[in-house]
Structures are given as structure tokens and as C-alpha cells.
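What follows is the content of protein-v1.csv, which has CSV, C-alpha atoms:
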```csv
chain,number,residue,atom,x,y,z
A,1,MET,CA,125.7,93.3,193.7
A,2,ILE,CA,123.4,90.7,195.2
A,3,THR,CA,124.7,87.5,196.7
A,4,GLN,CA,124.7,84.1,195.0
A,5,GLN,CA,121.8,82.9,197.3
A,6,GLU,CA,119.8,86.0,196.5
A,7,LEU,CA,120.3,85.5,192.8
A,8,THR,CA,119.3,81.8,193.1
A,9,ASP,CA,116.1,82.8,195.1
A,10,ASN,CA,115.2,85.6,192.7
A,11,ILE,CA,115.4,83.4,189.6
A,12,ALA,CA,113.4,80.6,191.3
A,13,ARG,CA,110.8,83.2,192.4
A,14,VAL,CA,110.5,84.6,188.8
A,15,ARG,CA,110.1,81.1,187.3
A,16,GLU,CA,107.4,80.3,189.8
A,17,GLN,CA,105.6,83.5,188.9
A,18,ILE,CA,105.9,82.7,185.2
A,19,ALA,CA,104.5,79.2,185.8
A,20,SER,CA,101.6,80.5,187.9
A,21,ALA,CA,100.7,83.3,185.3
A,22,ALA,CA,100.9,80.8,182.5
A,23,LYS,CA,98.6,78.3,184.3
A,24,LYS,CA,96.1,81.1,185.0
A,25,ALA,CA,96.0,81.8,181.3
A,26,GLY,CA,95.8,78.2,180.2
A,27,ARG,CA,99.3,78.4,178.6
A,28,ASN,CA,102.4,76.3,178.7
A,29,PRO,CA,105.2,78.1,180.6
A,30,ASP,CA,107.7,76.7,178.1
A,31,GLU,CA,106.2,79.1,175.5
A,32,ILE,CA,107.6,82.0,177.4
A,33,THR,CA,111.2,83.1,177.1
A,34,LEU,CA,112.8,84.8,180.1
A,35,VAL,CA,115.2,87.5,179.1
A,36,ALA,CA,117.3,88.6,182.0
A,37,VAL,CA,118.0,92.3,181.6
A,38,SER,CA,121.7,92.6,182.5
A,39,LYS,CA,122.1,96.4,182.1
A,40,THR,CA,124.7,97.5,184.7
A,41,VAL,CA,125.2,93.9,185.8
A,42,PRO,CA,128.8,92.7,185.9
A,43,VAL,CA,129.7,89.8,183.7
A,44,GLU,CA,130.5,87.7,186.8
A,45,GLN,CA,126.9,87.8,187.9
A,46,ILE,CA,125.7,87.1,184.3
A,47,ILE,CA,127.8,83.9,184.4
A,48,GLU,CA,126.2,82.9,187.7
A,49,ALA,CA,122.8,83.5,186.2
A,50,TYR,CA,123.8,81.3,183.2
A,51,LYS,CA,124.8,78.5,185.6
A,52,LEU,CA,121.3,78.8,187.1
A,53,GLY,CA,119.8,78.2,183.7
A,54,ILE,CA,119.4,81.6,182.2
A,55,LYS,CA,120.2,81.5,178.5
A,56,ASN,CA,118.8,84.9,177.3
A,57,PHE,CA,120.3,88.3,178.3
A,58,GLY,CA,119.0,91.7,177.4
A,59,GLU,CA,121.3,94.8,177.1
A,60,ASN,CA,120.3,98.5,176.5
A,61,TYR,CA,123.6,100.0,175.6
A,62,LEU,CA,126.0,98.7,172.9
A,63,GLN,CA,129.1,100.0,174.5
A,64,GLU,CA,128.3,98.3,177.8
A,65,ALA,CA,127.2,95.1,176.2
A,66,LEU,CA,130.2,94.4,173.9
A,67,PRO,CA,132.8,93.6,176.6
A,68,LYS,CA,130.3,91.3,178.3
A,69,ILE,CA,129.5,89.5,175.1
A,70,SER,CA,133.2,89.1,174.1
A,71,SER,CA,134.1,87.8,177.5
A,72,PHE,CA,131.1,85.4,177.8
A,73,SER,CA,130.6,83.8,174.4
A,74,LYS,CA,128.5,80.7,174.7
A,75,GLN,CA,126.8,78.9,171.8
A,76,ASP,CA,123.6,78.4,173.8
A,77,VAL,CA,123.3,82.0,174.9
A,78,SER,CA,121.2,84.6,173.0
A,79,TRP,CA,121.8,88.3,173.4
A,80,HIS,CA,118.9,90.7,173.0
A,81,MET,CA,119.3,94.4,172.2
A,82,ILE,CA,116.4,96.0,174.0
A,83,GLY,CA,117.5,99.6,174.1
A,84,HIS,CA,117.0,102.3,171.5
A,85,LEU,CA,119.3,101.5,168.5
A,86,GLN,CA,121.0,104.3,166.6
A,87,SER,CA,121.6,103.6,162.9
A,88,ASN,CA,125.3,104.4,163.2
A,89,LYS,CA,125.7,101.4,165.6
A,90,VAL,CA,124.1,98.8,163.4
A,91,ASN,CA,127.4,97.5,162.1
A,92,LYS,CA,128.4,96.5,165.7
A,93,VAL,CA,125.0,95.2,166.8
A,94,VAL,CA,124.4,92.8,164.0
A,95,PRO,CA,127.4,90.5,164.6
A,96,ASN,CA,126.9,90.4,168.4
A,97,PHE,CA,123.2,90.1,169.0
A,98,GLN,CA,120.7,87.4,168.0
A,99,TYR,CA,117.5,89.5,168.6
A,100,ILE,CA,116.8,93.3,168.3
A,101,HIS,CA,113.6,94.3,170.0
A,102,THR,CA,113.6,98.0,169.1
A,103,VAL,CA,113.3,98.4,165.3
A,104,ASP,CA,111.1,101.5,164.9
A,105,SER,CA,111.5,102.3,161.2
A,106,VAL,CA,111.9,100.8,157.8
A,107,ASP,CA,115.1,102.7,157.4
A,108,LEU,CA,116.6,101.0,160.5
A,109,ALA,CA,115.5,97.6,159.3
A,110,GLN,CA,117.1,98.2,155.9
A,111,LYS,CA,120.4,99.1,157.5
A,112,LEU,CA,120.2,96.0,159.6
A,113,ASP,CA,119.5,94.0,156.5
A,114,LEU,CA,122.5,95.5,154.7
A,115,HIS,CA,125.0,94.7,157.4
A,116,ALA,CA,123.6,91.3,158.0
A,117,LYS,CA,124.0,90.5,154.4
A,118,LYS,CA,127.7,91.5,154.6
A,119,ILE,CA,128.4,88.8,157.2
A,120,GLY,CA,125.9,86.2,155.9
A,121,LYS,CA,123.7,86.3,159.0
A,122,VAL,CA,119.9,86.5,159.4
A,123,ILE,CA,119.1,88.8,162.3
A,124,LYS,CA,115.8,88.4,164.2
A,125,ILE,CA,114.0,91.6,164.8
A,126,LEU,CA,110.9,92.8,166.7
A,127,LEU,CA,109.1,96.0,165.7
A,128,GLN,CA,108.7,98.4,168.6
A,129,VAL,CA,105.2,99.8,168.9
A,130,ASN,CA,104.4,102.9,171.0
A,131,ILE,CA,100.9,101.8,171.9
A,132,THR,CA,100.3,104.7,174.4
A,133,GLY,CA,101.6,107.4,172.1
A,134,GLU,CA,104.0,108.9,174.7
A,135,LYS,CA,106.1,111.6,173.2
A,136,ASN,CA,109.2,110.6,175.1
A,137,LYS,CA,109.1,107.0,174.0
A,138,SER,CA,110.4,105.4,170.9
A,139,GLY,CA,108.3,103.2,168.7
A,140,MET,CA,105.8,103.4,165.8
A,141,THR,CA,102.1,103.9,166.0
A,142,GLN,CA,99.9,100.9,165.2
A,143,GLY,CA,99.2,102.3,161.8
A,144,GLU,CA,102.9,102.9,161.1
A,145,THR,CA,103.7,99.4,162.3
A,146,ILE,CA,101.4,97.8,159.7
A,147,ASN,CA,102.8,99.9,156.9
A,148,ALA,CA,106.4,99.3,158.0
A,149,ALA,CA,105.8,95.6,158.3
A,150,GLU,CA,104.7,95.4,154.7
A,151,GLU,CA,108.1,96.7,153.6
A,152,ILE,CA,110.3,95.0,156.2
A,153,ILE,CA,109.1,91.4,155.4
A,154,LYS,CA,110.5,92.0,151.9
A,155,LEU,CA,114.0,92.1,153.3
A,156,THR,CA,116.2,89.0,153.1
A,157,PHE,CA,118.6,89.2,156.0
A,158,VAL,CA,116.2,90.4,158.7
A,159,SER,CA,113.5,88.2,160.0
A,160,ALA,CA,110.5,90.0,161.6
A,161,VAL,CA,109.5,87.6,164.4
A,162,GLY,CA,107.2,89.8,166.4
A,163,LEU,CA,106.4,93.0,168.2
A,164,MET,CA,107.6,94.8,171.4
A,165,THR,CA,106.2,97.5,173.6
A,166,ILE,CA,106.8,99.3,176.8
A,167,PRO,CA,103.7,100.5,178.7
A,168,GLN,CA,103.6,103.7,180.7
A,169,PHE,CA,105.0,103.0,184.2
A,170,SER,CA,102.4,102.7,186.9
A,171,GLY,CA,102.3,101.5,190.4
A,172,ASN,CA,99.4,99.3,189.5
A,173,PRO,CA,100.4,96.5,187.0
A,174,GLU,CA,96.8,96.1,185.9
A,175,ASP,CA,97.2,99.5,184.1
A,176,ALA,CA,99.4,97.8,181.6
A,177,ARG,CA,96.9,95.2,180.6
A,178,PRO,CA,95.1,97.2,177.9
A,179,VAL,CA,98.5,98.0,176.3
A,180,PHE,CA,99.5,94.4,176.3
A,181,ARG,CA,96.1,93.4,174.9
A,182,SER,CA,96.4,96.0,172.1
A,183,LEU,CA,99.8,94.7,171.1
A,184,ARG,CA,98.5,91.1,170.9
A,185,LEU,CA,95.6,92.2,168.8
A,186,LEU,CA,98.0,94.0,166.5
A,187,ARG,CA,100.2,91.0,166.2
A,188,ASP,CA,97.2,88.8,165.4
A,189,ARG,CA,96.3,91.2,162.6
A,190,LEU,CA,99.8,91.0,161.2
A,191,LYS,CA,99.7,87.2,161.3
A,192,ASN,CA,96.4,87.3,159.3
A,193,GLU,CA,97.4,90.0,156.8
A,194,LEU,CA,101.1,89.3,156.4
A,195,PRO,CA,101.5,85.5,156.9
A,196,GLU,CA,104.8,85.6,155.0
A,197,SER,CA,106.4,86.2,158.5
A,198,ARG,CA,105.5,84.1,161.5
A,199,TRP,CA,105.0,87.1,163.9
A,200,GLU,CA,105.4,84.6,166.8
A,201,HIS,CA,106.7,86.8,169.5
A,202,LEU,CA,105.2,89.4,171.8
A,203,SER,CA,108.0,91.0,173.8
A,204,MET,CA,106.2,92.7,176.7
A,205,GLY,CA,106.3,92.8,180.4
A,206,MET,CA,109.1,93.7,182.9
A,207,SER,CA,109.7,93.2,186.6
A,208,ASN,CA,106.6,95.0,187.8
A,209,ASP,CA,104.1,93.7,185.3
A,210,PHE,CA,105.3,90.5,183.5
A,211,THR,CA,102.6,88.3,185.0
A,212,ILE,CA,100.0,90.5,183.5
A,213,ALA,CA,101.9,90.4,180.2
A,214,ILE,CA,101.9,86.6,180.3
A,215,GLU,CA,98.2,86.5,180.9
A,216,GLU,CA,97.8,88.7,177.8
A,217,GLY,CA,100.0,86.5,175.6
A,218,ALA,CA,103.6,87.6,176.1
A,219,THR,CA,106.1,85.1,174.7
A,220,ILE,CA,109.2,87.1,175.8
A,221,ILE,CA,109.4,89.0,179.1
A,222,ARG,CA,112.3,91.3,180.0
A,223,VAL,CA,113.1,91.0,183.7
A,224,GLY,CA,115.9,92.9,185.3
A,225,GLN,CA,115.5,94.1,188.9
A,226,ALA,CA,113.4,91.1,190.0
A,227,ILE,CA,116.4,88.9,189.1
A,228,PHE,CA,119.5,91.1,189.7
A,229,GLY,CA,118.2,93.5,192.3
A,230,ALA,CA,118.3,97.3,192.1
A,231,ARG,CA,120.5,98.6,189.3
A,232,ILE,CA,123.9,100.2,189.9
A,233,LYS,CA,124.0,103.7,188.5
A,234,ASN,CA,125.1,103.5,184.9
A,235,THR,CA,128.2,105.7,184.2
A,236,ILE,CA,128.6,104.5,180.6
A,237,ASP,CA,129.0,107.2,177.9
A,238,LYS,CA,125.9,106.4,175.8
A,239,SER,CA,127.1,108.5,172.9
A,240,ARG,CA,130.0,106.2,172.0
```

Show me this structure written as C-alpha cells.
Amino acid sequence: MITQQELTDNIARVREQIASAAKKAGRNPDEITLVAVSKTVPVEQIIEAYKLGIKNFGENYLQEALPKISSFSKQDVSWHMIGHLQSNKVNKVVPNFQYIHTVDSVDLAQKLDLHAKKIGKVIKILLQVNITGEKNKSGMTQGETINAAEEIIKLTFVSAVGLMTIPQFSGNPEDARPVFRSLRLLRDRLKNELPESRWEHLSMGMSNDFTIAIEEGATIIRVGQAIFGARIKNTIDKSR
């Protein structure tokens, strides 16, 4: 676990990089939501990050996230599910998260809608797009995304607010630029063809490439190690 001073410095550095990338792209940095990826991060450090102004946290695993959420329930904090979501965990995700970034099928969206209806909540979702077509990565193709979006926007208790992608990891952040650009163009197409939903968000960019993502239009960036340092090995049983 990093020190309080290291956390303070890291958050300040990330914010400076956000502002610089936004300025380069002629954008307002206030348009960009910083989601601090708190996977494997203890709740005590999440609380410290909150005190430093972080209001959005991203978790990959439900069983790890729930104790954190229950012990740190603040009205002005939004929790983002950014890991692969299995349909049998929907009933626990819907009450505890405000955003789900990893909706990769109409079936999953329908299950989210059903459970959200039961508790009278509208859940904000992003459709996960596998731009690069990697076999080991979740997400829909661009064609599948368009077809799925047409069905998902008919649902009442899910609100499709944007798209999300994860580029292939590379030591050169510039390699991600074409992927981010493709997602933005797809989002723009959806805004034009399916204006019933706002399609306002592009969730793209992580610690190694978020400045490139901002230059290409990201509105949400998911930053973990640049804030919290190297991750502690996760020993959580992901099957639960």
C-alpha cells in the first residue's frame, strides 16, 4: 500500500495530465470523469482518495467490491462495474453500482432491466465493444453493437449512456489511438442513428494510455496503478 503522500502526489499528477491532454485537444477537462480503479485496494485507501476529491471508483469483481461499498456508502460517490459481468450476479450488481461498463449482449441488458425494475432504479450502462477482435477479450463487434443498441434502447430501466473498450496492451500508448478513434466514430454513428439515447460517454483509456484516449474524445478514463500504485495480488475467489 502506498503512503498518503504518494497517493496525494499521484492524484495531483493524474489530474495535471488530464488537464494537459484536454488542453491539447481543445477540450474542457471538466468533461472527463476520472474513475479510480480500486481493484485490490483496501477501503482505507479508497477513503483517503475520496478525501482528495475522487468521487468515482471502479471495481472488477463483485465479491471484492460489495464489502467496500457497504462500508463506504456516500451519497456523492459513484461505483462503476468495469469487470466482466456474469448474468447470475446481476441481482447483486444492480443495487450497488451506478454504472456498468461491460454490457456485451442484449440478454445481459434485459436481465439488468428486469432487476432494476424490481427495485425501481434506472441503471446506467455502457456497451463493451471489442474493437480489435481479440479472442480472449469480452465485447461485441461494431456491427453487433449497432444491432444490440437498437434493442437495448427499448428497455425502460437501463439507460445506455455510451460505449467502452479496452485496446490491446502495448508499450507504446500511441498504438491505442486507432482503437479509441474507432470507438468515437462508432459512438457518433449511434448518436446519429439512435438519438433516443444520449450516447454521451466514451469509457476508454487506462494508466498507460489515458492521455491518448482524452485526445480522442474519452469522457471516462479508468485509472488504477497511476493512482494507487502496483496492485496487490488478488486472492479473491472470482467464482463466488

Ranking A:Pro173, A:Gly143, A:Gly26, A:Pro195 by minimum distance to Ala160 (chain A) and counting all atoms listed in the file, which one comes first? A:Pro195

Using all atoms listed in the file and a cutoff of 12 Å, can you tell me which residues are near (125.0, 99.4, 164.8) in the file's coordinates, and write them out as an NGL selection string? :A and (61-63 or 66 or 81 or 83-97 or 100 or 103 or 108-116 or 240)

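Distances from A:Ala148, A:Ala25, A:Ala36, A:Met1 to Ile227 (chain A) were compared using all atoms listed in the file, and the smallest one belongs to A:Ala36.
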
Neighbouring residues of Ser73 (chain A) were defined as those with any atom within 12 Å, considering all atoms listed in the file; residues of the same chain fewer than 4 positions away were excluded. Please report them as a list of chain:residue names. A:Val43, A:Ile46, A:Ile47, A:Tyr50, A:Lys55, A:Phe57, A:Ala65, A:Leu66, A:Pro67, A:Lys68, A:Ile69, A:Val77, A:Ser78, A:Trp79, A:Asn96, A:Phe97

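Of the residues listed (A:Val106, A:Ile32, A:Ile166, A:Ala176), A:Ile32 shows the shortest atom-to-atom separation from His201 (chain A); distances use only C-alpha atoms.
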
For region 49-129 of chain A versus region 178-191 of chain A, which residues have an atom no more than 12 Å away, and what is each residue's nearest atom pair and distance in Å rounded to one decimal, using only C-alpha atoms, chain-then-number order, as CSV?
```
residue,atom,partner,partner_atom,distance
A:Leu126,CA,A:Arg187,CA,10.9
A:Leu127,CA,A:Arg187,CA,10.2
A:Gln128,CA,A:Leu183,CA,10.0
A:Val129,CA,A:Leu183,CA,7.7
```

Got a sec: who's within 7 Å of Leu202 (chain A), counting only C-alpha atoms, leaving out chain neighbours fewer than 3 positions off, as a PyMOL selection string? chain A and resi 162-164+184+218-220

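Atom pair CA of Val37 (chain A) / CA of Leu7 (chain A) has a distance of 13.3 Å (rounded to one decimal).
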
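Closest approach to Ser20 (chain A) among A:Trp199, A:Phe210, A:Tyr99, A:Phe228: A:Phe210, based on all atoms listed in the file.
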
Residue with the minimum atom-to-atom distance to Ser203 (chain A), picked from A:His80, A:Lys121, A:Lys23, A:His101 with all atoms listed in the file counted, is A:His101

How would region 33-60 of chain A look written as an mmCIF file, in the first residue's frame with N, CA and C atoms?
```cif
data_model
loop_
_atom_site.group_PDB
_atom_site.id
_atom_site.type_symbol
_atom_site.label_atom_id
_atom_site.label_comp_id
_atom_site.auth_asym_id
_atom_site.auth_seq_id
_atom_site.Cartn_x
_atom_site.Cartn_y
_atom_site.Cartn_z
ATOM 1 N N THR A 33 -14.462 12.342 -16.679
ATOM 2 C CA THR A 33 -14.647 11.727 -15.370
ATOM 3 C C THR A 33 -13.495 10.765 -15.095
ATOM 4 N N LEU A 34 -12.835 10.987 -13.986
ATOM 5 C CA LEU A 34 -11.751 10.113 -13.554
ATOM 6 C C LEU A 34 -12.322 9.023 -12.657
ATOM 7 N N VAL A 35 -12.277 7.787 -13.139
ATOM 8 C CA VAL A 35 -12.677 6.639 -12.328
ATOM 9 C C VAL A 35 -11.406 5.995 -11.775
ATOM 10 N N ALA A 36 -11.277 6.014 -10.466
ATOM 11 C CA ALA A 36 -10.122 5.395 -9.820
ATOM 12 C C ALA A 36 -10.392 3.901 -9.677
ATOM 13 N N VAL A 37 -9.596 3.099 -10.353
ATOM 14 C CA VAL A 37 -9.800 1.645 -10.329
ATOM 15 C C VAL A 37 -9.235 1.113 -9.014
ATOM 16 N N SER A 38 -10.146 0.663 -8.159
ATOM 17 C CA SER A 38 -9.763 0.304 -6.794
ATOM 18 C C SER A 38 -9.697 -1.201 -6.577
ATOM 19 N N LYS A 39 -9.568 -1.956 -7.648
ATOM 20 C CA LYS A 39 -9.376 -3.403 -7.525
ATOM 21 C C LYS A 39 -8.160 -3.695 -6.659
ATOM 22 N N THR A 40 -8.334 -4.529 -5.663
ATOM 23 C CA THR A 40 -7.322 -4.957 -4.673
ATOM 24 C C THR A 40 -6.908 -3.842 -3.708
ATOM 25 N N VAL A 41 -7.490 -2.677 -3.839
ATOM 26 C CA VAL A 41 -7.139 -1.555 -2.959
ATOM 27 C C VAL A 41 -7.991 -1.621 -1.691
ATOM 28 N N PRO A 42 -7.389 -1.549 -0.519
ATOM 29 C CA PRO A 42 -8.182 -1.601 0.719
ATOM 30 C C PRO A 42 -9.071 -0.376 0.872
ATOM 31 N N VAL A 43 -10.184 -0.562 1.567
ATOM 32 C CA VAL A 43 -11.161 0.512 1.693
ATOM 33 C C VAL A 43 -10.563 1.729 2.375
ATOM 34 N N GLU A 44 -9.590 1.532 3.269
ATOM 35 C CA GLU A 44 -8.961 2.668 3.950
ATOM 36 C C GLU A 44 -8.310 3.617 2.949
ATOM 37 N N GLN A 45 -7.707 3.057 1.889
ATOM 38 C CA GLN A 45 -7.065 3.909 0.891
ATOM 39 C C GLN A 45 -8.097 4.533 -0.051
ATOM 40 N N ILE A 46 -9.184 3.840 -0.280
ATOM 41 C CA ILE A 46 -10.285 4.421 -1.053
ATOM 42 C C ILE A 46 -10.831 5.650 -0.336
ATOM 43 N N ILE A 47 -10.985 5.547 0.971
ATOM 44 C CA ILE A 47 -11.465 6.682 1.764
ATOM 45 C C ILE A 47 -10.498 7.861 1.663
ATOM 46 N N GLU A 48 -9.206 7.584 1.701
ATOM 47 C CA GLU A 48 -8.213 8.655 1.565
ATOM 48 C C GLU A 48 -8.305 9.313 0.188
ATOM 49 N N ALA A 49 -8.508 8.499 -0.850
ATOM 50 C CA ALA A 49 -8.662 9.054 -2.196
ATOM 51 C C ALA A 49 -9.914 9.921 -2.280
ATOM 52 N N TYR A 50 -10.971 9.491 -1.620
ATOM 53 C CA TYR A 50 -12.203 10.276 -1.572
ATOM 54 C C TYR A 50 -11.950 11.638 -0.924
ATOM 55 N N LYS A 51 -11.187 11.639 0.156
ATOM 56 C CA LYS A 51 -10.871 12.898 0.837
ATOM 57 C C LYS A 51 -10.073 13.837 -0.063
ATOM 58 N N LEU A 52 -9.372 13.240 -1.047
ATOM 59 C CA LEU A 52 -8.597 14.038 -2.007
ATOM 60 C C LEU A 52 -9.421 14.400 -3.241
ATOM 61 N N GLY A 53 -10.715 14.118 -3.186
ATOM 62 C CA GLY A 53 -11.612 14.586 -4.241
ATOM 63 C C GLY A 53 -12.076 13.553 -5.249
ATOM 64 N N ILE A 54 -11.641 12.306 -5.100
ATOM 65 C CA ILE A 54 -12.077 11.261 -6.025
ATOM 66 C C ILE A 54 -13.484 10.816 -5.646
ATOM 67 N N LYS A 55 -14.413 10.856 -6.607
ATOM 68 C CA LYS A 55 -15.804 10.523 -6.327
ATOM 69 C C LYS A 55 -16.310 9.335 -7.151
ATOM 70 N N ASN A 56 -15.462 8.772 -7.999
ATOM 71 C CA ASN A 56 -15.841 7.637 -8.830
ATOM 72 C C ASN A 56 -14.814 6.527 -8.669
ATOM 73 N N PHE A 57 -15.299 5.322 -8.361
ATOM 74 C CA PHE A 57 -14.418 4.183 -8.153
ATOM 75 C C PHE A 57 -14.876 3.015 -9.020
ATOM 76 N N GLY A 58 -13.900 2.320 -9.596
ATOM 77 C CA GLY A 58 -14.195 1.196 -10.476
ATOM 78 C C GLY A 58 -13.735 -0.116 -9.867
ATOM 79 N N GLU A 59 -14.604 -1.117 -9.902
ATOM 80 C CA GLU A 59 -14.275 -2.431 -9.366
ATOM 81 C C GLU A 59 -14.497 -3.496 -10.437
ATOM 82 N N ASN A 60 -13.652 -4.527 -10.404
ATOM 83 C CA ASN A 60 -13.724 -5.603 -11.386
ATOM 84 C C ASN A 60 -14.499 -6.814 -10.903
#
```
